[in-house]
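Pasting model.cif here (mmCIF, C-alpha atoms):
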```cif
data_start
#
loop_
_atom_site.label_atom_id
_atom_site.label_comp_id
_atom_site.auth_asym_id
_atom_site.auth_seq_id
_atom_site.Cartn_x
_atom_site.Cartn_y
_atom_site.Cartn_z
CA MET H 1 -152.21 131.99 -2.24
CA SER H 2 -152.00 135.60 -3.40
CA LYS H 3 -149.19 136.72 -5.70
CA GLY H 4 -147.63 138.66 -2.82
CA GLU H 5 -147.78 135.63 -0.54
CA GLU H 6 -146.22 133.44 -3.24
CA THR H 7 -143.33 135.87 -3.63
CA ARG H 8 -142.86 135.97 0.14
CA GLN H 9 -142.73 132.15 0.27
CA ALA H 10 -140.20 131.94 -2.56
CA ILE H 11 -138.01 134.52 -0.82
CA LEU H 12 -138.26 132.66 2.49
CA ASP H 13 -137.22 129.36 0.89
CA ARG H 14 -134.04 131.02 -0.37
CA ALA H 15 -133.56 132.70 2.99
CA VAL H 16 -133.68 129.32 4.78
CA GLY H 17 -130.82 128.04 2.64
CA LEU H 18 -128.81 131.21 3.12
CA ALA H 19 -129.35 131.21 6.89
CA SER H 20 -128.15 127.60 7.12
CA ALA H 21 -124.74 128.77 5.86
CA LEU H 22 -124.47 132.34 7.18
CA GLY H 23 -126.37 131.88 10.41
CA LEU H 24 -129.55 133.75 11.27
CA GLU H 25 -127.48 136.70 12.50
CA GLY H 26 -125.60 136.82 9.21
CA LEU H 27 -128.85 136.88 7.25
CA THR H 28 -129.42 140.62 6.95
CA ILE H 29 -132.09 142.09 4.71
CA GLY H 30 -129.29 143.69 2.67
CA ARG H 31 -127.50 140.39 2.16
CA LEU H 32 -130.71 138.61 1.20
CA ALA H 33 -131.54 141.40 -1.25
CA GLY H 34 -128.10 141.01 -2.86
CA GLU H 35 -128.52 137.25 -3.12
CA LEU H 36 -131.97 137.51 -4.74
CA ASP H 37 -131.13 140.56 -6.85
CA LEU H 38 -134.08 142.41 -5.32
CA SER H 39 -134.18 145.90 -3.88
CA LYS H 40 -133.51 146.26 -0.18
CA SER H 41 -136.54 148.55 0.18
CA GLY H 42 -138.76 145.90 -1.44
CA LEU H 43 -137.57 143.31 1.06
CA PHE H 44 -138.09 145.71 3.95
CA ALA H 45 -141.72 146.01 2.83
CA HIS H 46 -142.05 142.22 3.20
CA PHE H 47 -140.12 141.72 6.45
CA GLN H 48 -139.85 145.07 8.29
CA SER H 49 -136.85 144.13 10.47
CA LYS H 50 -134.03 141.62 10.78
CA GLU H 51 -135.69 140.14 13.85
CA ALA H 52 -139.01 139.71 12.02
CA LEU H 53 -137.09 138.12 9.14
CA GLN H 54 -135.43 135.65 11.53
CA VAL H 55 -138.79 134.62 12.99
CA GLN H 56 -140.33 134.20 9.54
CA VAL H 57 -137.35 132.18 8.31
CA LEU H 58 -137.70 129.82 11.27
CA GLU H 59 -141.46 129.56 10.66
CA ALA H 60 -140.89 128.83 6.97
CA ALA H 61 -138.26 126.19 7.77
CA ALA H 62 -140.58 124.59 10.33
CA ALA H 63 -143.44 124.44 7.83
CA ARG H 64 -141.12 122.76 5.30
CA PHE H 65 -139.81 120.39 7.97
CA VAL H 66 -143.36 119.26 8.79
CA GLU H 67 -144.10 118.81 5.08
CA VAL H 68 -140.87 116.96 4.20
CA VAL H 69 -140.03 115.04 7.40
CA VAL H 70 -142.92 114.78 9.85
CA LYS H 71 -145.99 114.27 7.66
CA PRO H 72 -144.53 111.59 5.36
CA ALA H 73 -143.04 109.76 8.36
CA LEU H 74 -146.41 109.78 10.11
CA GLY H 75 -147.67 107.94 7.02
CA ALA H 76 -145.43 104.98 7.88
CA PRO H 77 -147.00 102.11 9.87
CA ARG H 78 -147.35 102.76 13.62
CA GLY H 79 -144.50 101.60 15.83
CA GLU H 80 -140.89 100.93 14.93
CA PRO H 81 -141.35 101.63 11.18
CA ARG H 82 -142.58 105.13 12.03
CA VAL H 83 -139.63 105.79 14.34
CA ARG H 84 -137.34 104.63 11.54
CA ALA H 85 -139.09 106.83 8.97
CA LEU H 86 -138.64 109.89 11.21
CA PHE H 87 -134.91 109.17 11.47
CA GLU H 88 -134.44 108.52 7.74
CA ARG H 89 -136.44 111.57 6.73
CA TRP H 90 -134.39 113.71 9.12
CA LEU H 91 -131.19 112.47 7.45
CA ALA H 92 -132.51 113.57 4.05
CA TRP H 93 -133.93 116.90 5.18
CA PRO H 94 -131.02 119.31 4.53
CA LYS H 95 -131.07 118.14 0.92
CA ALA H 96 -134.86 117.99 0.54
CA VAL H 97 -135.00 121.69 1.39
CA PRO H 98 -131.67 123.09 0.20
CA GLN H 99 -129.58 124.03 3.26
CA PRO H 100 -125.98 124.15 2.07
CA GLY H 101 -124.87 124.89 5.64
CA GLY H 102 -126.62 121.83 7.12
CA CYS H 103 -129.74 121.79 9.28
CA LEU H 104 -130.88 125.34 10.04
CA PHE H 105 -132.34 124.32 13.40
CA VAL H 106 -129.08 122.78 14.64
CA ALA H 107 -127.14 125.89 13.60
CA ALA H 108 -129.73 128.26 15.08
CA SER H 109 -129.73 126.33 18.37
CA ILE H 110 -126.12 127.33 19.00
CA GLU H 111 -126.53 130.80 17.59
CA LEU H 112 -129.59 131.76 19.61
CA ASP H 113 -128.97 129.93 22.89
CA ASP H 114 -127.66 133.12 24.52
CA LYS H 115 -129.89 135.57 22.65
CA PRO H 116 -133.27 136.12 24.34
CA GLY H 117 -136.05 137.27 22.04
CA PRO H 118 -138.86 136.07 19.80
CA ALA H 119 -136.58 134.05 17.48
CA ARG H 120 -135.12 132.10 20.40
CA ASP H 121 -138.60 131.56 21.91
CA LEU H 122 -139.88 130.19 18.62
CA LEU H 123 -136.86 127.93 18.16
CA VAL H 124 -137.28 126.46 21.66
CA LYS H 125 -140.93 125.72 20.89
CA LEU H 126 -140.01 124.08 17.56
CA GLN H 127 -137.26 121.94 19.11
CA ARG H 128 -139.61 120.82 21.91
CA ASP H 129 -142.24 119.97 19.30
CA TRP H 130 -139.70 117.84 17.41
CA LEU H 131 -138.65 115.98 20.56
CA ASP H 132 -142.36 115.44 21.27
CA VAL H 133 -142.95 114.02 17.80
CA LEU H 134 -140.11 111.55 18.39
CA ALA H 135 -141.33 110.63 21.89
CA VAL H 136 -144.91 110.09 20.69
CA ALA H 137 -143.68 107.77 17.91
CA VAL H 138 -141.70 105.82 20.53
CA ARG H 139 -144.72 105.65 22.86
CA THR H 140 -146.73 104.23 19.94
CA ALA H 141 -144.01 101.63 19.32
CA VAL H 142 -144.36 100.57 22.96
CA ALA H 143 -148.16 100.38 22.58
CA GLU H 144 -147.72 98.27 19.44
CA GLY H 145 -145.49 95.86 21.36
CA HIS H 146 -142.44 96.68 19.23
CA PHE H 147 -140.54 98.23 22.14
CA GLU H 148 -140.33 97.02 25.72
CA LYS H 149 -142.86 98.46 28.17
CA SER H 150 -139.99 99.85 30.26
CA THR H 151 -138.85 102.10 27.38
CA ASP H 152 -138.85 105.77 28.41
CA PRO H 153 -140.04 107.69 25.31
CA GLU H 154 -138.50 111.04 26.35
CA GLN H 155 -135.18 109.35 27.09
CA PHE H 156 -135.27 107.58 23.71
CA ALA H 157 -136.04 110.91 21.99
CA PHE H 158 -133.13 112.53 23.85
CA GLU H 159 -130.71 109.80 22.72
CA LEU H 160 -132.05 109.80 19.18
CA TYR H 161 -131.68 113.55 18.82
CA GLY H 162 -128.15 113.20 20.23
CA THR H 163 -127.40 110.80 17.38
CA MET H 164 -128.73 113.36 14.91
CA LEU H 165 -126.65 116.17 16.42
CA MET H 166 -123.52 114.02 16.26
CA CYS H 167 -124.28 113.05 12.67
CA HIS H 168 -124.51 116.74 11.84
CA HIS H 169 -121.27 117.50 13.69
CA ALA H 170 -119.31 114.67 12.06
CA SER H 171 -120.65 115.46 8.56
CA ARG H 172 -120.47 119.24 8.65
CA LEU H 173 -117.41 120.06 10.71
CA LEU H 174 -115.31 116.90 10.44
CA ARG H 175 -116.42 116.03 6.87
CA ASP H 176 -116.33 112.43 8.06
CA PRO H 177 -117.49 110.16 5.21
CA LYS H 178 -118.55 107.59 7.83
CA ALA H 179 -120.83 110.02 9.66
CA VAL H 180 -124.15 108.82 8.25
CA GLY H 181 -123.13 105.16 8.54
CA ARG H 182 -122.19 105.66 12.19
CA ALA H 183 -125.44 107.51 12.86
CA ARG H 184 -127.41 104.65 11.30
CA ARG H 185 -125.55 102.16 13.48
CA ALA H 186 -126.18 104.28 16.59
CA PHE H 187 -129.86 104.29 15.64
CA GLU H 188 -129.89 100.48 15.28
CA ASN H 189 -128.24 100.23 18.70
CA LEU H 190 -131.00 102.38 20.18
CA LEU H 191 -133.66 100.18 18.55
CA ALA H 192 -131.96 96.99 19.73
CA ALA H 193 -131.92 98.24 23.32
CA ALA H 194 -135.61 99.22 23.17
CA ARG H 195 -136.94 96.25 21.23
CA ALA H 196 -139.29 93.87 23.01
CA PRO H 197 -137.70 90.40 23.28
CA GLU H 198 -140.60 88.68 21.50
CA SER H 199 -140.60 90.92 18.41
CA MET O 1 -93.42 132.31 32.14
CA SER O 2 -92.48 135.90 31.24
CA LYS O 3 -94.65 138.79 32.41
CA GLY O 4 -95.81 139.35 28.83
CA GLU O 5 -96.74 135.69 28.46
CA GLU O 6 -98.63 135.77 31.78
CA THR O 7 -100.64 138.78 30.63
CA ARG O 8 -101.39 137.06 27.33
CA GLN O 9 -102.63 133.94 29.16
CA ALA O 10 -104.87 135.96 31.48
CA ILE O 11 -106.35 137.79 28.50
CA LEU O 12 -106.93 134.52 26.64
CA ASP O 13 -108.75 132.97 29.62
CA ARG O 14 -111.20 135.88 29.58
CA ALA O 15 -111.44 135.66 25.80
CA VAL O 16 -112.44 131.97 26.02
CA GLY O 17 -115.38 132.86 28.28
CA LEU O 18 -116.41 135.75 26.10
CA ALA O 19 -116.19 133.67 22.90
CA SER O 20 -118.42 130.98 24.45
CA ALA O 21 -121.22 133.54 24.65
CA LEU O 22 -120.56 135.84 21.68
CA GLY O 23 -119.15 133.26 19.29
CA LEU O 24 -115.65 133.42 17.86
CA GLU O 25 -116.88 135.77 15.14
CA GLY O 26 -118.37 138.09 17.74
CA LEU O 27 -115.08 138.20 19.64
CA THR O 28 -113.44 141.22 18.02
CA ILE O 29 -110.29 142.79 19.42
CA GLY O 30 -112.33 145.95 20.09
CA ARG O 31 -114.94 144.04 22.06
CA LEU O 32 -112.32 142.18 24.06
CA ALA O 33 -110.52 145.45 24.80
CA GLY O 34 -113.78 146.96 26.09
CA GLU O 35 -114.46 143.94 28.27
CA LEU O 36 -110.97 143.98 29.82
CA ASP O 37 -110.71 147.77 29.98
CA LEU O 38 -107.48 147.63 27.95
CA SER O 39 -106.50 149.66 24.94
CA LYS O 40 -107.35 148.26 21.55
CA SER O 41 -103.83 149.06 20.31
CA GLY O 42 -102.32 147.11 23.23
CA LEU O 43 -104.41 144.07 22.33
CA PHE O 44 -103.46 144.40 18.68
CA ALA O 45 -99.84 144.17 19.78
CA HIS O 46 -100.64 140.81 21.42
CA PHE O 47 -102.88 139.31 18.75
CA GLN O 48 -102.31 141.13 15.43
CA SER O 49 -105.63 140.13 13.82
CA LYS O 50 -109.05 138.75 14.62
CA GLU O 51 -108.15 135.50 12.89
CA ALA O 52 -104.96 135.13 14.95
CA LEU O 53 -107.02 135.88 18.07
CA GLN O 54 -109.52 133.12 17.15
CA VAL O 55 -106.72 130.58 16.71
CA GLN O 56 -105.08 131.57 19.99
CA VAL O 57 -108.40 131.43 21.84
CA LEU O 58 -108.99 127.90 20.55
CA GLU O 59 -105.44 126.91 21.51
CA ALA O 60 -105.88 128.39 24.98
CA ALA O 61 -109.22 126.60 25.44
CA ALA O 62 -107.68 123.32 24.27
CA ALA O 63 -104.78 123.66 26.73
CA ARG O 64 -107.27 124.28 29.56
CA PHE O 65 -109.42 121.35 28.38
CA VAL O 66 -106.44 119.01 28.55
CA GLU O 67 -105.56 120.32 32.00
CA VAL O 68 -109.08 120.23 33.45
CA VAL O 69 -110.70 117.28 31.63
CA VAL O 70 -108.23 114.96 29.91
CA LYS O 71 -105.26 114.78 32.29
CA PRO O 72 -107.24 114.24 35.52
CA ALA O 73 -109.44 111.64 33.78
CA LEU O 74 -106.36 109.78 32.55
CA GLY O 75 -105.43 109.52 36.23
CA ALA O 76 -108.49 107.32 36.83
CA PRO O 77 -107.98 103.56 36.73
CA ARG O 78 -107.78 102.05 33.22
CA GLY O 79 -111.00 100.78 31.71
CA GLU O 80 -114.57 101.75 32.53
CA PRO O 81 -113.60 104.10 35.40
CA ARG O 82 -111.50 106.14 33.00
CA VAL O 83 -114.32 106.34 30.43
CA ARG O 84 -116.61 107.49 33.22
CA ALA O 85 -114.08 110.08 34.42
CA LEU O 86 -113.83 111.54 30.90
CA PHE O 87 -117.61 111.89 30.75
CA GLU O 88 -117.96 113.41 34.23
CA ARG O 89 -115.08 115.83 33.68
CA TRP O 90 -116.61 116.91 30.40
CA LEU O 91 -119.89 117.69 32.17
CA ALA O 92 -118.05 119.96 34.63
CA TRP O 93 -115.82 121.65 32.09
CA PRO O 94 -117.85 124.77 31.13
CA LYS O 95 -117.86 125.67 34.84
CA ALA O 96 -114.26 124.66 35.57
CA VAL O 97 -113.12 127.17 32.95
CA PRO O 98 -115.80 129.86 32.96
CA GLN O 99 -117.77 129.65 29.71
CA PRO O 100 -121.08 131.40 30.35
CA GLY O 101 -122.20 130.50 26.83
CA GLY O 102 -121.54 126.76 27.27
CA CYS O 103 -118.76 124.72 25.71
CA LEU O 104 -116.69 126.86 23.35
CA PHE O 105 -115.87 123.90 21.11
CA VAL O 106 -119.52 122.96 20.57
CA ALA O 107 -120.39 126.57 19.72
CA ALA O 108 -117.37 126.98 17.44
CA SER O 109 -118.20 123.73 15.62
CA ILE O 110 -121.40 125.25 14.28
CA GLU O 111 -119.89 128.67 13.73
CA LEU O 112 -116.87 127.51 11.77
CA ASP O 113 -118.25 124.52 9.85
CA ASP O 114 -118.72 126.65 6.72
CA LYS O 115 -115.71 128.95 7.25
CA PRO O 116 -112.49 127.55 5.79
CA GLY O 117 -109.31 128.84 7.39
CA PRO O 118 -106.79 128.23 10.15
CA ALA O 119 -109.37 128.46 12.97
CA ARG O 120 -111.55 125.80 11.36
CA ASP O 121 -108.52 123.58 10.64
CA LEU O 122 -107.40 123.79 14.25
CA LEU O 123 -110.90 123.07 15.56
CA VAL O 124 -111.20 119.97 13.36
CA LYS O 125 -107.89 118.71 14.70
CA LEU O 126 -108.96 119.36 18.31
CA GLN O 127 -112.31 117.62 17.85
CA ARG O 128 -110.64 114.60 16.23
CA ASP O 129 -108.15 114.50 19.13
CA TRP O 130 -111.03 114.48 21.62
CA LEU O 131 -112.83 111.66 19.79
CA ASP O 132 -109.50 109.78 19.77
CA VAL O 133 -109.06 110.25 23.52
CA LEU O 134 -112.54 108.79 24.04
CA ALA O 135 -111.92 105.89 21.63
CA VAL O 136 -108.56 105.03 23.22
CA ALA O 137 -110.18 104.92 26.68
CA VAL O 138 -112.84 102.58 25.30
CA ARG O 139 -110.20 100.39 23.65
CA THR O 140 -108.45 100.15 27.02
CA ALA O 141 -111.73 99.15 28.67
CA VAL O 142 -112.00 96.33 26.13
CA ALA O 143 -108.39 95.28 26.86
CA GLU O 144 -109.17 95.31 30.60
CA GLY O 145 -112.13 93.01 29.99
CA HIS O 146 -114.65 95.64 31.16
CA PHE O 147 -116.26 95.96 27.73
CA GLU O 148 -117.09 93.20 25.25
CA LYS O 149 -114.46 92.38 22.63
CA SER O 150 -116.97 93.26 19.91
CA THR O 151 -117.18 96.89 21.12
CA ASP O 152 -116.22 99.33 18.36
CA PRO O 153 -114.26 102.12 20.12
CA GLU O 154 -114.86 104.72 17.39
CA GLN O 155 -118.58 103.94 17.34
CA PHE O 156 -118.73 104.22 21.14
CA ALA O 157 -116.90 107.57 20.97
CA PHE O 158 -119.37 108.76 18.31
CA GLU O 159 -122.35 107.83 20.47
CA LEU O 160 -120.80 109.27 23.62
CA TYR O 161 -120.04 112.59 21.98
CA GLY O 162 -123.63 112.60 20.65
CA THR O 163 -124.79 112.32 24.25
CA MET O 164 -122.59 115.28 25.17
CA LEU O 165 -123.89 117.38 22.26
CA MET O 166 -127.48 116.62 23.25
CA CYS O 167 -126.74 117.46 26.87
CA HIS O 168 -125.38 120.81 25.70
CA HIS O 169 -128.41 121.41 23.47
CA ALA O 170 -130.96 120.51 26.15
CA SER O 171 -129.17 122.57 28.84
CA ARG O 172 -128.26 125.63 26.82
CA LEU O 173 -131.12 126.11 24.38
CA LEU O 174 -134.00 124.30 26.07
CA ARG O 175 -132.91 125.12 29.65
CA ASP O 176 -134.14 121.62 30.47
CA PRO O 177 -133.45 120.91 34.17
CA LYS O 178 -133.39 117.18 33.33
CA ALA O 179 -130.65 117.56 30.70
CA VAL O 180 -127.72 116.35 32.80
CA GLY O 181 -129.77 113.53 34.34
CA ARG O 182 -130.83 112.34 30.90
CA ALA O 183 -127.24 112.56 29.63
CA ARG O 184 -126.07 110.47 32.60
CA ARG O 185 -128.73 107.90 31.85
CA ALA O 186 -127.77 107.82 28.17
CA PHE O 187 -124.18 107.26 29.28
CA GLU O 188 -125.21 104.35 31.55
CA ASN O 189 -127.14 102.86 28.61
CA LEU O 190 -123.99 103.05 26.48
CA LEU O 191 -121.97 101.36 29.21
CA ALA O 192 -124.62 98.66 29.72
CA ALA O 193 -124.57 97.84 26.00
CA ALA O 194 -120.77 97.64 25.93
CA ARG O 195 -120.19 95.86 29.21
CA ALA O 196 -118.77 92.35 29.10
CA PRO O 197 -121.30 89.82 30.51
CA GLU O 198 -118.89 88.52 33.17
CA SER O 199 -118.09 91.91 34.68
#
```
Kindly present the structure from the file in C-alpha cells form.
Amino acid sequence: MSKGEETRQAILDRAVGLASALGLEGLTIGRLAGELDLSKSGLFAHFQSKEALQVQVLEAAAARFVEVVVKPALGAPRGEPRVRALFERWLAWPKAVPQPGGCLFVAASIELDDKPGPARDLLVKLQRDWLDVLAVAVRTAVAEGHFEKSTDPEQFAFELYGTMLMCHHASRLLRDPKAVGRARRAFENLLAAARAPES
Amino acid sequence: MSKGEETRQAILDRAVGLASALGLEGLTIGRLAGELDLSKSGLFAHFQSKEALQVQVLEAAAARFVEVVVKPALGAPRGEPRVRALFERWLAWPKAVPQPGGCLFVAASIELDDKPGPARDLLVKLQRDWLDVLAVAVRTAVAEGHFEKSTDPEQFAFELYGTMLMCHHASRLLRDPKAVGRARRAFENLLAAARAPES
C-alpha cells in the first residue's frame, strides 16, 4: 500500500465512524476535515465530492465488514455453527470497527432509501450480498443435516436480519439493556424452528 | 375544532408525508411552506421552531396511527385475531396516511437515535407504547388460550416488530416485491411457535 493509499484508508476508517453518528448526508468534506484536523482542500484532493466520499465510505465499511464479520464466521464449521458465528460477529461489529452511532449500513438504509444515486445503488448491492451470505450459510446447514430440508434459506435470512434490525432499534433508540438478550433469544427461536428433529 | 386548529391539522398531515421522505431534519419550516404554497412567516406563527414542528409532526403521526392502526385492531376479537389485525393494519399504515417515504416512525428512529431532545424523547415514548400494545395483545391471546402459557409477550412483541422493520427495509431500500409476502410468512411462523397445541 502506498503512503497516499494508507492515508486514504485511515481517513475512511474515521469517516465510517463519523457517518454512523451523523448520517452519510451529514458527513460533509468540511466536517470530516474539522474532525481530522486536516485541510478541506487536502480532503477534496482525496475524495473530489460529497457523493464520491459517500460511496468510498460505504466501500470502506463493506471491506471492514467482510474482514471482521464475514471472513472469520466463514472459518466456523459448516452448518449451524457458521450461522451462529455470523450472528455473533454481527452483534460485535459496531464495536469492532468503531461506529458510535451504531451500524452504518442500518442507518444508511433509512437515509438513502428515497435518494437515487450511486451511494444507494452500492448500498442495495451490499445489503443483498449480506442477505445472500446468510442464506448460503443456512443452505449449508440444511445440506449438513442441521436444519430441516423444508427450511427456506431466503426466508430464514429475512427473519434473521429482522432480528438484527430490531436489536439495533432497541439498543440504539430505546437504550433497552435487554436488547441483545432478546435478540439472542429470537435467534435461538429461529434455530429451534429450523432444526432437524434428529440433530 | 376551531378554524385555526383545522388548518394546523391539515398542515401537519402534509408534514407527516413530507417528513417520511425528507426525514424530520429535512423538514424545515421553509421547505414545508414551499410545499404548501404558504408563507414562511405564517407557518412560523403556527410552529415557532423546527424543533417544535418535529414534535408536533410526531404527535400528529401518532394520533393518526392510533386512529388508523390501533383502534380498529382493538375492535377485532380478543386473542390471535387481534394480534393479526395489529400486524395487518401496520402493513397498510404508510398508505392509509400518505407517507411516500415509508413509515415515519421507522425513519425517525434512525434519524433521532443520536439526537437528544424533546423529539427523541417523544419518539422513544411512542415506540415503547407501540411495543406495549403488541405485548398486551399477545398477553390477551395467552389468556384466551390461543397462545401457549409459556409465551413471553415482550419477546413476541420484539420479534414481531423485527418482522415489521425487515418488511420496511426490504420494501423501501431493496424494493423487493416479495417483502410483504415474506413478512406475512414470518408472522405466521411467530404465530405457529406461540400457538397452544389444542387450538
Using all atoms listed in the file, which chain O residues lie at most 10 Å away from chain H, written as a ChimeraX atom specification?
-> /O:20-23,100-102,106-115,120-121,123-125,127-128,154-156,158-175,179,181-183,185-187,189-190,192-193
As a check of understanding: the span from atom CA of H:Pro153 to atom CA of H:Arg64 is 25.1 Å
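Distance-wise, atom CA of O:Ser49 and atom CA of H:Glu35 end up 28.6 Å apart.
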Would you mind reading off the distance between atom CA of O:Glu67 and atom CA of O:Gln54, one decimal, in Å?
-> 20.0 Å
Could you tell me which residues the PyMOL selection byres ((chain O and resi 95) around 12) grabs in this file, written as number ranges by chain?
-> O: 17, 20, 64-65, 68-69, 89-94, 96-104
Apply the PyMOL selection byres ((chain H and resi 133-136) around 6) to the structure shown and report the selected residues as a PyMOL selection string.
-> chain H and resi 130-132+137-139+153-154+157
What do you get, as a list in words, if you spell out every residue that the PyMOL selection byres ((chain H and resi 196) around 9) selects here?
-> Val142, Gly145, His146, Phe147, Glu148, Lys149, Ala192, Ala193, Ala194, Arg195, Pro197, Glu198 and Ser199 of chain H
Output of the above residues as a PDB file, keeping the file's coordinate frame, restricted to C-alpha atoms:
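Saved to out.pdb:
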```pdb
ATOM      1  CA  VAL H 142    -144.360 100.570  22.960  1.00  0.00           C
ATOM      2  CA  GLY H 145    -145.490  95.860  21.360  1.00  0.00           C
ATOM      3  CA  HIS H 146    -142.440  96.680  19.230  1.00  0.00           C
ATOM      4  CA  PHE H 147    -140.540  98.230  22.140  1.00  0.00           C
ATOM      5  CA  GLU H 148    -140.330  97.020  25.720  1.00  0.00           C
ATOM      6  CA  LYS H 149    -142.860  98.460  28.170  1.00  0.00           C
ATOM      7  CA  ALA H 192    -131.960  96.990  19.730  1.00  0.00           C
ATOM      8  CA  ALA H 193    -131.920  98.240  23.320  1.00  0.00           C
ATOM      9  CA  ALA H 194    -135.610  99.220  23.170  1.00  0.00           C
ATOM     10  CA  ARG H 195    -136.940  96.250  21.230  1.00  0.00           C
ATOM     11  CA  PRO H 197    -137.700  90.400  23.280  1.00  0.00           C
ATOM     12  CA  GLU H 198    -140.600  88.680  21.500  1.00  0.00           C
ATOM     13  CA  SER H 199    -140.600  90.920  18.410  1.00  0.00           C
TER      14      SER H 199
END
```
Please return, as number ranges by chain, all polymer residues that have at least one atom within 12 Å of the point (-107.7, 138.7, 17.8); use all atoms listed in the file and the file's own coordinate frame.
-> O: 8, 11-12, 15-16, 19, 24-33, 40-58, 119
